[in-house]
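Note sheet for the following structure.
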Amino acid sequence: MSATTVDRDLVARFAPLFDELGRGAVERERERRLPYAEVEALREAGFTRVTLPREHGGDAATHGEFFELLAELARRDPNLAQLFRSHFSYLDRTLHAPASADREARLARLADGAVVGNASHERSTAKVGSLATRLTETPEGLRLNGTKFYSTGTLFADLVGVAAEQDGEFVSVLVDTGAPGVDRIDDWTGFGQRLTGSGTTVFTDVAVDPSTVVRREPDRPSHGGAFVQLVLLAAVTGIGRAIVDDAAGFVRARTRTYSHGAASTAQGDPIVQEVVGELSAKSFAADAALAAATTALERSSSAILDGDPERIRAQLAAVELATARAQLVILPAVLDAATALFDVGGASAVETHLALDRHWRNARTIASHNPARFKARAIGDHLVNGTPIVSWWSTGEA
């Protein structure tokens, strides 16, 4: 990240807390202990409010600053970085919404420390592009019914944004997670990112305040698709940094070397040094790609706030392209590094207490969200045929 987009003092301020949370990351995963306390510590430290304006108790962090902070958090524990995906996406959408009493009320609730989760995707018989979750008018008022999966972060949230259909129209509903009829289930069984709370949320006759229902506005300019993808890419970028940290730390602590090694110690072996150097370069590539994409996001943000339609169209197209390209750089670079990491040591590198396998498992799990091959094809179609790159992925069957 360039000095013009990242306040290093802001990064330094959160670093001690990130370090503290990172020290327990391997043990949390081994025990599958959900990070309720860690989320609360980040809330108390103001991390959940970091992109809010200062008048709302935030730090007015730019997109560059925020995604650098997120990558640094992921460097310690990528589960924590990913589980805030919907929270910061909701906050970003609210900041770009037109001024209104509703917008101010939402900002006030975020300023009070509320954390927002997600309930969009379904494992249902609904076809792609439709939803089985329904918001209906009853004699007792609006009621919400449905089942969602991949509800990332909702186990730790105070509020959850729910995608639903009402009379054939897509709507978004904001629901208190403690409301009667809301059941959050910890049933995520993925082999990576085990602690993001990405399980099932069930809504059974949940009472809905009409003021919390938002109609989908397909014509309203938004970089929301790029934003949520960049949260995932920041998490993977942080994993890349952690791979370099662990590789260098492993070699420094290693007391044995190979019988056919090129030096008497692992630290002095040029082959081992070469591996660590290559891991660092792969991480550097991920860093650079993330920085380029977040710079494009800042430009799209400026255009949306400025309101010039022609500039908005140009910048939204640019950020979609930059984000898709970043995905094709970051994911393979970090996945390759997660495998090459084991070339710095022998059998001792696979000992379970080191948990070096977690880097590949976590990066591979995140990479499976939006398969990169589809993004590569979309970029090619765009460059050859001028086809716009699709922003939002379907919220139909997952």
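Residue names in the structure tokens use chain letters A, B, ... in the order shown, residue numbers from 1 in each chain, and ligand numbers from 1 in the order shown.
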Non-local contacts of segment 307-323 of chain A (6 Å; only C-alpha atoms; under 4 positions in same chain excluded) as a PDB file with N, CA and C atoms, in the first residue's frame:
```
ATOM      1  N   ALA A 226     -17.559  -5.661  -5.683  1.00  0.00           N
ATOM      2  CA  ALA A 226     -16.099  -5.582  -5.569  1.00  0.00           C
ATOM      3  C   ALA A 226     -15.677  -5.517  -4.112  1.00  0.00           C
ATOM      4  N   ALA A 293      -6.261  -2.833  -6.499  1.00  0.00           N
ATOM      5  CA  ALA A 293      -7.716  -2.964  -6.497  1.00  0.00           C
ATOM      6  C   ALA A 293      -8.369  -2.007  -5.505  1.00  0.00           C
ATOM      7  N   ALA A 296      -8.562   1.412  -6.921  1.00  0.00           N
ATOM      8  CA  ALA A 296      -9.713   1.517  -7.828  1.00  0.00           C
ATOM      9  C   ALA A 296     -11.011   1.661  -7.044  1.00  0.00           C
ATOM     10  N   LEU A 297     -11.107   0.987  -5.897  1.00  0.00           N
ATOM     11  CA  LEU A 297     -12.304   1.091  -5.066  1.00  0.00           C
ATOM     12  C   LEU A 297     -12.454   2.498  -4.505  1.00  0.00           C
ATOM     13  N   SER A 300     -13.883   4.627  -7.220  1.00  0.00           N
ATOM     14  CA  SER A 300     -15.316   4.401  -7.436  1.00  0.00           C
ATOM     15  C   SER A 300     -16.125   5.041  -6.322  1.00  0.00           C
ATOM     16  N   ALA A 303     -16.381   8.678  -7.017  1.00  0.00           N
ATOM     17  CA  ALA A 303     -17.310   8.944  -8.120  1.00  0.00           C
ATOM     18  C   ALA A 303     -18.754   8.841  -7.658  1.00  0.00           C
TER      19      ALA A 303
END
```
Please report as JSON lines every residue of segment 183-302 of chain A lying within 12 Å of segment 152-168 of chain A, along with the nearest atom pair and their distance in Å (one decimal), using only C-alpha atoms.
```
{"residue": "A:Asp183", "atom": "CA", "partner": "A:Leu155", "partner_atom": "CA", "distance": 9.6}
{"residue": "A:Arg184", "atom": "CA", "partner": "A:Leu155", "partner_atom": "CA", "distance": 6.2}
{"residue": "A:Ile185", "atom": "CA", "partner": "A:Leu155", "partner_atom": "CA", "distance": 7.7}
{"residue": "A:Asp186", "atom": "CA", "partner": "A:Leu155", "partner_atom": "CA", "distance": 7.5}
{"residue": "A:Asp187", "atom": "CA", "partner": "A:Leu155", "partner_atom": "CA", "distance": 10.8}
{"residue": "A:Trp188", "atom": "CA", "partner": "A:Thr152", "partner_atom": "CA", "distance": 9.4}
{"residue": "A:Gln193", "atom": "CA", "partner": "A:Thr152", "partner_atom": "CA", "distance": 10.3}
{"residue": "A:Arg194", "atom": "CA", "partner": "A:Thr152", "partner_atom": "CA", "distance": 10.7}
{"residue": "A:Leu195", "atom": "CA", "partner": "A:Gly153", "partner_atom": "CA", "distance": 9.1}
{"residue": "A:Thr196", "atom": "CA", "partner": "A:Gly153", "partner_atom": "CA", "distance": 5.8}
{"residue": "A:Gly197", "atom": "CA", "partner": "A:Gly153", "partner_atom": "CA", "distance": 5.3}
{"residue": "A:Ser198", "atom": "CA", "partner": "A:Thr152", "partner_atom": "CA", "distance": 3.9}
{"residue": "A:Gly199", "atom": "CA", "partner": "A:Thr152", "partner_atom": "CA", "distance": 6.9}
{"residue": "A:Thr200", "atom": "CA", "partner": "A:Thr152", "partner_atom": "CA", "distance": 9.1}
{"residue": "A:Thr201", "atom": "CA", "partner": "A:Thr154", "partner_atom": "CA", "distance": 8.0}
{"residue": "A:Val202", "atom": "CA", "partner": "A:Val162", "partner_atom": "CA", "distance": 10.6}
{"residue": "A:Phe203", "atom": "CA", "partner": "A:Val162", "partner_atom": "CA", "distance": 9.5}
{"residue": "A:Val206", "atom": "CA", "partner": "A:Val162", "partner_atom": "CA", "distance": 11.5}
{"residue": "A:Val208", "atom": "CA", "partner": "A:Val162", "partner_atom": "CA", "distance": 11.0}
{"residue": "A:Thr212", "atom": "CA", "partner": "A:Gly161", "partner_atom": "CA", "distance": 9.5}
{"residue": "A:Val213", "atom": "CA", "partner": "A:Val162", "partner_atom": "CA", "distance": 9.6}
{"residue": "A:Val214", "atom": "CA", "partner": "A:Ala163", "partner_atom": "CA", "distance": 9.8}
{"residue": "A:Arg215", "atom": "CA", "partner": "A:Gln166", "partner_atom": "CA", "distance": 9.5}
{"residue": "A:Arg216", "atom": "CA", "partner": "A:Ala163", "partner_atom": "CA", "distance": 9.6}
{"residue": "A:Val228", "atom": "CA", "partner": "A:Thr152", "partner_atom": "CA", "distance": 11.9}
{"residue": "A:Leu232", "atom": "CA", "partner": "A:Thr152", "partner_atom": "CA", "distance": 11.8}
```
ask   = Neighbours of Glu217 of chain A within 12 Å (only C-alpha atoms; same-chain residues fewer than 2 positions away dropped), as a list in words?
value = Ala97, Glu169, Phe170, Val171, Ser172, Val214, Arg215, Asp219, Arg220, Pro221 and Ser222 of chain A
Can I get the selected residues back with all heavy atoms, as an mmCIF file, in the first residue's frame?
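Wrote it out as out_23.cif, contents follow:
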```
data_model
loop_
_atom_site.group_PDB
_atom_site.id
_atom_site.type_symbol
_atom_site.label_atom_id
_atom_site.label_comp_id
_atom_site.auth_asym_id
_atom_site.auth_seq_id
_atom_site.Cartn_x
_atom_site.Cartn_y
_atom_site.Cartn_z
ATOM 1 N N ALA A 97 -25.072 5.658 0.838
ATOM 2 C CA ALA A 97 -26.503 5.869 0.626
ATOM 3 C C ALA A 97 -26.833 7.361 0.701
ATOM 4 O O ALA A 97 -26.135 8.134 1.376
ATOM 5 C CB ALA A 97 -27.303 5.101 1.671
ATOM 6 N N GLU A 169 -40.773 -9.574 -5.295
ATOM 7 C CA GLU A 169 -39.750 -8.529 -5.339
ATOM 8 C C GLU A 169 -38.649 -8.853 -4.333
ATOM 9 O O GLU A 169 -38.913 -9.307 -3.220
ATOM 10 C CB GLU A 169 -40.377 -7.173 -4.999
ATOM 11 C CG GLU A 169 -39.418 -6.012 -5.049
ATOM 12 C CD GLU A 169 -40.081 -4.697 -4.666
ATOM 13 O OE1 GLU A 169 -41.254 -4.730 -4.225
ATOM 14 O OE2 GLU A 169 -39.430 -3.642 -4.799
ATOM 15 N N PHE A 170 -37.403 -8.642 -4.720
ATOM 16 C CA PHE A 170 -36.289 -8.843 -3.804
ATOM 17 C C PHE A 170 -36.235 -7.706 -2.796
ATOM 18 O O PHE A 170 -36.321 -6.524 -3.167
ATOM 19 C CB PHE A 170 -34.967 -8.900 -4.565
ATOM 20 C CG PHE A 170 -34.740 -10.189 -5.293
ATOM 21 C CD1 PHE A 170 -34.693 -10.206 -6.675
ATOM 22 C CD2 PHE A 170 -34.575 -11.382 -4.606
ATOM 23 C CE1 PHE A 170 -34.489 -11.389 -7.370
ATOM 24 C CE2 PHE A 170 -34.372 -12.568 -5.283
ATOM 25 C CZ PHE A 170 -34.328 -12.577 -6.673
ATOM 26 N N VAL A 171 -36.057 -8.065 -1.527
ATOM 27 C CA VAL A 171 -35.915 -7.080 -0.467
ATOM 28 C C VAL A 171 -34.791 -7.506 0.462
ATOM 29 O O VAL A 171 -34.379 -8.667 0.486
ATOM 30 C CB VAL A 171 -37.219 -6.913 0.356
ATOM 31 C CG1 VAL A 171 -38.343 -6.394 -0.520
ATOM 32 C CG2 VAL A 171 -37.600 -8.214 1.045
ATOM 33 N N SER A 172 -34.302 -6.551 1.232
ATOM 34 C CA SER A 172 -33.330 -6.825 2.294
ATOM 35 C C SER A 172 -33.959 -6.404 3.613
ATOM 36 O O SER A 172 -34.561 -5.323 3.710
ATOM 37 C CB SER A 172 -32.036 -6.048 2.057
ATOM 38 O OG SER A 172 -31.131 -6.258 3.121
ATOM 39 N N VAL A 214 -35.720 -2.863 3.011
ATOM 40 C CA VAL A 214 -35.163 -2.042 1.930
ATOM 41 C C VAL A 214 -35.422 -2.739 0.603
ATOM 42 O O VAL A 214 -35.094 -3.922 0.442
ATOM 43 C CB VAL A 214 -33.647 -1.820 2.121
ATOM 44 C CG1 VAL A 214 -33.071 -1.030 0.948
ATOM 45 C CG2 VAL A 214 -33.379 -1.100 3.439
ATOM 46 N N ARG A 215 -36.027 -2.037 -0.337
ATOM 47 C CA ARG A 215 -36.264 -2.582 -1.671
ATOM 48 C C ARG A 215 -34.966 -2.561 -2.472
ATOM 49 O O ARG A 215 -34.204 -1.605 -2.387
ATOM 50 C CB ARG A 215 -37.314 -1.760 -2.416
ATOM 51 C CG ARG A 215 -38.592 -1.536 -1.630
ATOM 52 C CD ARG A 215 -39.367 -2.818 -1.433
ATOM 53 N NE ARG A 215 -40.437 -2.647 -0.446
ATOM 54 C CZ ARG A 215 -41.189 -3.623 0.016
ATOM 55 N NH1 ARG A 215 -40.979 -4.856 -0.415
ATOM 56 N NH2 ARG A 215 -42.130 -3.402 0.919
ATOM 57 N N ASP A 219 -30.755 -0.169 -10.251
ATOM 58 C CA ASP A 219 -30.150 0.933 -11.004
ATOM 59 C C ASP A 219 -29.288 1.841 -10.130
ATOM 60 O O ASP A 219 -28.638 2.757 -10.648
ATOM 61 C CB ASP A 219 -31.240 1.776 -11.678
ATOM 62 C CG ASP A 219 -32.012 0.982 -12.721
ATOM 63 O OD1 ASP A 219 -31.403 0.079 -13.323
ATOM 64 O OD2 ASP A 219 -33.213 1.257 -12.893
ATOM 65 N N ARG A 220 -29.282 1.602 -8.829
ATOM 66 C CA ARG A 220 -28.492 2.451 -7.941
ATOM 67 C C ARG A 220 -27.016 2.063 -8.038
ATOM 68 O O ARG A 220 -26.665 0.893 -7.885
ATOM 69 C CB ARG A 220 -28.984 2.290 -6.503
ATOM 70 C CG ARG A 220 -28.190 3.115 -5.501
ATOM 71 C CD ARG A 220 -28.774 2.950 -4.128
ATOM 72 N NE ARG A 220 -27.849 3.323 -3.089
ATOM 73 C CZ ARG A 220 -28.043 3.137 -1.797
ATOM 74 N NH1 ARG A 220 -29.164 2.564 -1.391
ATOM 75 N NH2 ARG A 220 -27.155 3.508 -0.916
ATOM 76 N N PRO A 221 -26.122 3.020 -8.301
ATOM 77 C CA PRO A 221 -24.702 2.694 -8.457
ATOM 78 C C PRO A 221 -24.131 2.081 -7.178
ATOM 79 O O PRO A 221 -24.387 2.567 -6.070
ATOM 80 C CB PRO A 221 -24.054 4.051 -8.740
ATOM 81 C CG PRO A 221 -25.156 4.948 -9.170
ATOM 82 C CD PRO A 221 -26.382 4.465 -8.472
ATOM 83 N N SER A 222 -23.360 1.018 -7.333
ATOM 84 C CA SER A 222 -22.781 0.356 -6.170
ATOM 85 C C SER A 222 -21.525 -0.408 -6.567
ATOM 86 O O SER A 222 -21.482 -1.044 -7.619
ATOM 87 C CB SER A 222 -23.794 -0.625 -5.557
ATOM 88 O OG SER A 222 -23.185 -1.404 -4.540
#
```
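Distance annotation: of A:Pro218, A:Ala111, A:Leu305, A:Arg76, the residue with the minimal separation from Asp245 of chain A is A:Arg76; atom set is only C-alpha atoms.
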message = Report as a ChimeraX atom specification all protein, DNA and RNA residues lying within 8 Å of Leu107 of chain A, evaluated on only C-alpha atoms, omitting residues in the same chain fewer than 3 positions from it.
response = /A:52,56,91,94,103-104,110-111
request  = Would you return as an MDAnalysis selection string the members of segment 18-193 of chain A that DSSP assigns to strand (DSSP E or B) on this structure's backbone?
outcome  = chainID A and resid 116:119 122 134:138 141:148 159:166 169:176 182:185
Taking N, CA and C atoms for each residue, export the selection above as an mmCIF file, in the first residue's frame.
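Result saved to selection-v2.cif:
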```cif
data_model
loop_
_atom_site.group_PDB
_atom_site.id
_atom_site.type_symbol
_atom_site.label_atom_id
_atom_site.label_comp_id
_atom_site.auth_asym_id
_atom_site.auth_seq_id
_atom_site.Cartn_x
_atom_site.Cartn_y
_atom_site.Cartn_z
ATOM 1 N N VAL A 116 -22.884 -6.417 12.308
ATOM 2 C CA VAL A 116 -23.880 -6.897 11.348
ATOM 3 C C VAL A 116 -23.383 -8.184 10.682
ATOM 4 N N GLY A 117 -24.258 -9.176 10.603
ATOM 5 C CA GLY A 117 -23.955 -10.434 9.932
ATOM 6 C C GLY A 117 -24.708 -10.569 8.629
ATOM 7 N N ASN A 118 -24.642 -11.764 8.055
ATOM 8 C CA ASN A 118 -25.179 -11.989 6.717
ATOM 9 C C ASN A 118 -26.087 -13.202 6.682
ATOM 10 N N ALA A 119 -27.162 -13.093 5.918
ATOM 11 C CA ALA A 119 -28.030 -14.239 5.635
ATOM 12 C C ALA A 119 -28.601 -14.046 4.238
ATOM 13 N N GLU A 122 -28.687 -19.567 0.082
ATOM 14 C CA GLU A 122 -29.575 -20.658 0.497
ATOM 15 C C GLU A 122 -29.125 -21.989 -0.085
ATOM 16 N N ARG A 134 -39.110 -15.911 2.504
ATOM 17 C CA ARG A 134 -40.233 -15.032 2.196
ATOM 18 C C ARG A 134 -40.512 -14.042 3.334
ATOM 19 N N LEU A 135 -40.831 -12.829 2.915
ATOM 20 C CA LEU A 135 -41.360 -11.810 3.826
ATOM 21 C C LEU A 135 -42.814 -11.617 3.436
ATOM 22 N N THR A 136 -43.722 -11.859 4.367
ATOM 23 C CA THR A 136 -45.154 -11.816 4.046
ATOM 24 C C THR A 136 -45.907 -10.929 5.031
ATOM 25 N N GLU A 137 -46.988 -10.368 4.521
ATOM 26 C CA GLU A 137 -47.870 -9.552 5.360
ATOM 27 C C GLU A 137 -48.898 -10.481 5.999
ATOM 28 N N THR A 138 -49.021 -10.409 7.325
ATOM 29 C CA THR A 138 -49.999 -11.209 8.056
ATOM 30 C C THR A 138 -50.863 -10.267 8.889
ATOM 31 N N GLY A 141 -48.806 -8.456 11.256
ATOM 32 C CA GLY A 141 -47.706 -7.646 10.737
ATOM 33 C C GLY A 141 -46.798 -8.456 9.837
ATOM 34 N N LEU A 142 -45.672 -7.879 9.441
ATOM 35 C CA LEU A 142 -44.722 -8.554 8.562
ATOM 36 C C LEU A 142 -44.055 -9.714 9.293
ATOM 37 N N ARG A 143 -43.931 -10.856 8.581
ATOM 38 C CA ARG A 143 -43.266 -12.019 9.165
ATOM 39 C C ARG A 143 -42.260 -12.579 8.154
ATOM 40 N N LEU A 144 -41.123 -13.024 8.659
ATOM 41 C CA LEU A 144 -40.027 -13.544 7.850
ATOM 42 C C LEU A 144 -39.862 -15.036 8.106
ATOM 43 N N ASN A 145 -39.785 -15.820 7.025
ATOM 44 C CA ASN A 145 -39.593 -17.265 7.141
ATOM 45 C C ASN A 145 -38.600 -17.734 6.085
ATOM 46 N N GLY A 146 -37.665 -18.572 6.509
ATOM 47 C CA GLY A 146 -36.709 -19.126 5.557
ATOM 48 C C GLY A 146 -35.483 -19.673 6.256
ATOM 49 N N THR A 147 -34.646 -20.329 5.463
ATOM 50 C CA THR A 147 -33.406 -20.925 5.976
ATOM 51 C C THR A 147 -32.255 -20.484 5.084
ATOM 52 N N LYS A 148 -31.193 -20.006 5.719
ATOM 53 C CA LYS A 148 -30.023 -19.517 4.999
ATOM 54 C C LYS A 148 -28.791 -20.318 5.400
ATOM 55 N N LEU A 159 -27.030 -7.829 14.593
ATOM 56 C CA LEU A 159 -28.024 -7.647 13.545
ATOM 57 C C LEU A 159 -27.633 -8.527 12.369
ATOM 58 N N VAL A 160 -28.618 -8.935 11.585
ATOM 59 C CA VAL A 160 -28.326 -9.715 10.393
ATOM 60 C C VAL A 160 -29.152 -9.193 9.227
ATOM 61 N N GLY A 161 -28.480 -8.980 8.104
ATOM 62 C CA GLY A 161 -29.175 -8.580 6.887
ATOM 63 C C GLY A 161 -29.646 -9.816 6.141
ATOM 64 N N VAL A 162 -30.932 -9.887 5.858
ATOM 65 C CA VAL A 162 -31.535 -11.078 5.269
ATOM 66 C C VAL A 162 -32.083 -10.742 3.883
ATOM 67 N N ALA A 163 -31.675 -11.509 2.874
ATOM 68 C CA ALA A 163 -32.230 -11.376 1.524
ATOM 69 C C ALA A 163 -33.487 -12.227 1.431
ATOM 70 N N ALA A 164 -34.569 -11.636 0.958
ATOM 71 C CA ALA A 164 -35.849 -12.347 0.894
ATOM 72 C C ALA A 164 -36.652 -11.869 -0.313
ATOM 73 N N GLU A 165 -37.741 -12.576 -0.577
ATOM 74 C CA GLU A 165 -38.697 -12.145 -1.593
ATOM 75 C C GLU A 165 -39.989 -11.720 -0.900
ATOM 76 N N GLN A 166 -40.571 -10.651 -1.405
ATOM 77 C CA GLN A 166 -41.878 -10.194 -0.933
ATOM 78 C C GLN A 166 -42.725 -9.856 -2.150
ATOM 79 N N GLU A 169 -40.773 -9.574 -5.295
ATOM 80 C CA GLU A 169 -39.750 -8.529 -5.339
ATOM 81 C C GLU A 169 -38.649 -8.853 -4.333
ATOM 82 N N PHE A 170 -37.403 -8.642 -4.720
ATOM 83 C CA PHE A 170 -36.289 -8.843 -3.804
ATOM 84 C C PHE A 170 -36.235 -7.706 -2.796
ATOM 85 N N VAL A 171 -36.057 -8.065 -1.527
ATOM 86 C CA VAL A 171 -35.915 -7.080 -0.467
ATOM 87 C C VAL A 171 -34.791 -7.506 0.462
ATOM 88 N N SER A 172 -34.302 -6.551 1.232
ATOM 89 C CA SER A 172 -33.330 -6.825 2.294
ATOM 90 C C SER A 172 -33.959 -6.404 3.613
ATOM 91 N N VAL A 173 -33.841 -7.269 4.606
ATOM 92 C CA VAL A 173 -34.451 -7.031 5.910
ATOM 93 C C VAL A 173 -33.354 -7.071 6.975
ATOM 94 N N LEU A 174 -33.384 -6.124 7.883
ATOM 95 C CA LEU A 174 -32.431 -6.109 8.982
ATOM 96 C C LEU A 174 -33.127 -6.599 10.245
ATOM 97 N N VAL A 175 -32.605 -7.682 10.821
ATOM 98 C CA VAL A 175 -33.250 -8.355 11.941
ATOM 99 C C VAL A 175 -32.288 -8.454 13.115
ATOM 100 N N ASP A 176 -32.796 -8.241 14.327
ATOM 101 C CA ASP A 176 -31.987 -8.498 15.522
ATOM 102 C C ASP A 176 -31.741 -9.996 15.652
ATOM 103 N N VAL A 182 -35.422 -16.428 15.522
ATOM 104 C CA VAL A 182 -34.111 -16.462 14.860
ATOM 105 C C VAL A 182 -33.263 -17.549 15.526
ATOM 106 N N ASP A 183 -32.830 -18.509 14.744
ATOM 107 C CA ASP A 183 -32.034 -19.625 15.267
ATOM 108 C C ASP A 183 -30.727 -19.694 14.494
ATOM 109 N N ARG A 184 -29.625 -19.405 15.182
ATOM 110 C CA ARG A 184 -28.293 -19.447 14.571
ATOM 111 C C ARG A 184 -27.635 -20.773 14.925
ATOM 112 N N ILE A 185 -27.200 -21.511 13.906
ATOM 113 C CA ILE A 185 -26.692 -22.864 14.112
ATOM 114 C C ILE A 185 -25.239 -22.952 13.662
#
```
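Note that atom CA of Leu331 of chain A and atom CA of Ala367 of chain A are 6.4 Å apart.
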ask   = as JSON, numbers by chain, which residues of segment 220-298 of chain A does DSSP assign to helix (DSSP H, G or I)?
value = {"A": [224, 225, 226, 227, 228, 229, 230, 231, 232, 233, 234, 235, 236, 237, 238, 239, 240, 241, 242, 243, 244, 245, 246, 247, 248, 249, 250, 251, 252, 253, 270, 271, 272, 273, 274, 275, 276, 277, 278, 279, 280, 281, 282, 283, 284, 285, 286, 287, 288, 289, 290, 291, 292, 293, 294, 295, 296, 297, 298]}
message = Residues near Asp112 of chain A, anyone? I mean within 10 Å using only C-alpha atoms, not counting same-chain ones fewer than 4 positions away, as a VMD selection string.
response = chain A and resid 43 49 56 to 57 106 to 108
Generate the output file for the selected residues, all heavy atoms, as an mmCIF file, in the first residue's frame.
```cif
data_model
loop_
_atom_site.group_PDB
_atom_site.id
_atom_site.type_symbol
_atom_site.label_atom_id
_atom_site.label_comp_id
_atom_site.auth_asym_id
_atom_site.auth_seq_id
_atom_site.Cartn_x
_atom_site.Cartn_y
_atom_site.Cartn_z
ATOM 1 N N ARG A 43 -14.342 -5.160 18.904
ATOM 2 C CA ARG A 43 -15.415 -4.158 19.043
ATOM 3 C C ARG A 43 -15.021 -3.098 20.070
ATOM 4 O O ARG A 43 -15.154 -1.901 19.831
ATOM 5 C CB ARG A 43 -16.710 -4.842 19.458
ATOM 6 C CG ARG A 43 -17.923 -3.897 19.473
ATOM 7 C CD ARG A 43 -18.984 -4.303 20.485
ATOM 8 N NE ARG A 43 -19.402 -5.680 20.421
ATOM 9 C CZ ARG A 43 -20.555 -6.130 19.909
ATOM 10 N NH1 ARG A 43 -21.407 -5.267 19.408
ATOM 11 N NH2 ARG A 43 -20.848 -7.405 19.941
ATOM 12 N N ARG A 49 -15.741 0.028 14.050
ATOM 13 C CA ARG A 49 -16.176 1.387 13.689
ATOM 14 C C ARG A 49 -15.116 2.142 12.887
ATOM 15 O O ARG A 49 -15.272 3.332 12.639
ATOM 16 C CB ARG A 49 -16.513 2.190 14.956
ATOM 17 C CG ARG A 49 -17.597 1.588 15.817
ATOM 18 C CD ARG A 49 -17.986 2.504 16.970
ATOM 19 N NE ARG A 49 -16.883 2.729 17.891
ATOM 20 C CZ ARG A 49 -16.556 1.931 18.910
ATOM 21 N NH1 ARG A 49 -17.268 0.823 19.125
ATOM 22 N NH2 ARG A 49 -15.535 2.205 19.692
ATOM 23 N N HIS A 56 -19.106 10.113 14.036
ATOM 24 C CA HIS A 56 -19.834 8.937 14.513
ATOM 25 C C HIS A 56 -18.934 8.022 15.343
ATOM 26 O O HIS A 56 -19.269 6.860 15.558
ATOM 27 C CB HIS A 56 -20.424 8.167 13.335
ATOM 28 C CG HIS A 56 -21.567 8.865 12.661
ATOM 29 N ND1 HIS A 56 -22.856 8.852 13.161
ATOM 30 C CD2 HIS A 56 -21.609 9.621 11.536
ATOM 31 C CE1 HIS A 56 -23.641 9.561 12.371
ATOM 32 N NE2 HIS A 56 -22.922 10.027 11.375
ATOM 33 N N GLY A 57 -17.816 8.552 15.805
ATOM 34 C CA GLY A 57 -16.940 7.788 16.677
ATOM 35 C C GLY A 57 -15.963 6.880 15.969
ATOM 36 O O GLY A 57 -15.311 6.038 16.606
ATOM 37 N N ARG A 106 -29.111 4.167 11.082
ATOM 38 C CA ARG A 106 -28.230 3.017 10.898
ATOM 39 C C ARG A 106 -26.805 3.350 11.333
ATOM 40 O O ARG A 106 -26.132 2.538 11.977
ATOM 41 C CB ARG A 106 -28.268 2.562 9.440
ATOM 42 C CG ARG A 106 -29.616 1.960 9.057
ATOM 43 C CD ARG A 106 -29.644 1.490 7.616
ATOM 44 N NE ARG A 106 -30.978 0.958 7.295
ATOM 45 C CZ ARG A 106 -31.195 -0.133 6.588
ATOM 46 N NH1 ARG A 106 -30.192 -0.825 6.118
ATOM 47 N NH2 ARG A 106 -32.427 -0.528 6.345
ATOM 48 N N LEU A 107 -26.346 4.527 10.952
ATOM 49 C CA LEU A 107 -25.006 4.932 11.358
ATOM 50 C C LEU A 107 -24.906 5.041 12.878
ATOM 51 O O LEU A 107 -23.880 4.674 13.468
ATOM 52 C CB LEU A 107 -24.643 6.270 10.703
ATOM 53 C CG LEU A 107 -24.369 6.229 9.194
ATOM 54 C CD1 LEU A 107 -24.150 7.638 8.662
ATOM 55 C CD2 LEU A 107 -23.160 5.349 8.888
ATOM 56 N N ALA A 108 -25.961 5.538 13.505
ATOM 57 C CA ALA A 108 -25.953 5.667 14.962
ATOM 58 C C ALA A 108 -25.848 4.300 15.625
ATOM 59 O O ALA A 108 -25.130 4.129 16.636
ATOM 60 C CB ALA A 108 -27.200 6.395 15.436
#
```
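Remark: for His369 of chain A, the closest of the candidate residues A:Gly113, A:Ala247, A:Glu29, A:Val231 is A:Val231 (distances computed over only C-alpha atoms).
Using only C-alpha atoms, the smallest distance between any of A:Ala207, A:Ala81, A:Ile366, A:Ala101 and Gly192 of chain A comes from A:Ile366.
Here atom CA of Arg373 of chain A is placed at a distance of 11.9 Å from atom CA of Val329 of chain A.
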Nearest to Arg109 of chain A by atom-to-atom distance, counting only C-alpha atoms, from A:Ala376, A:Ile239, A:Gly22, A:Thr48 = A:Thr48
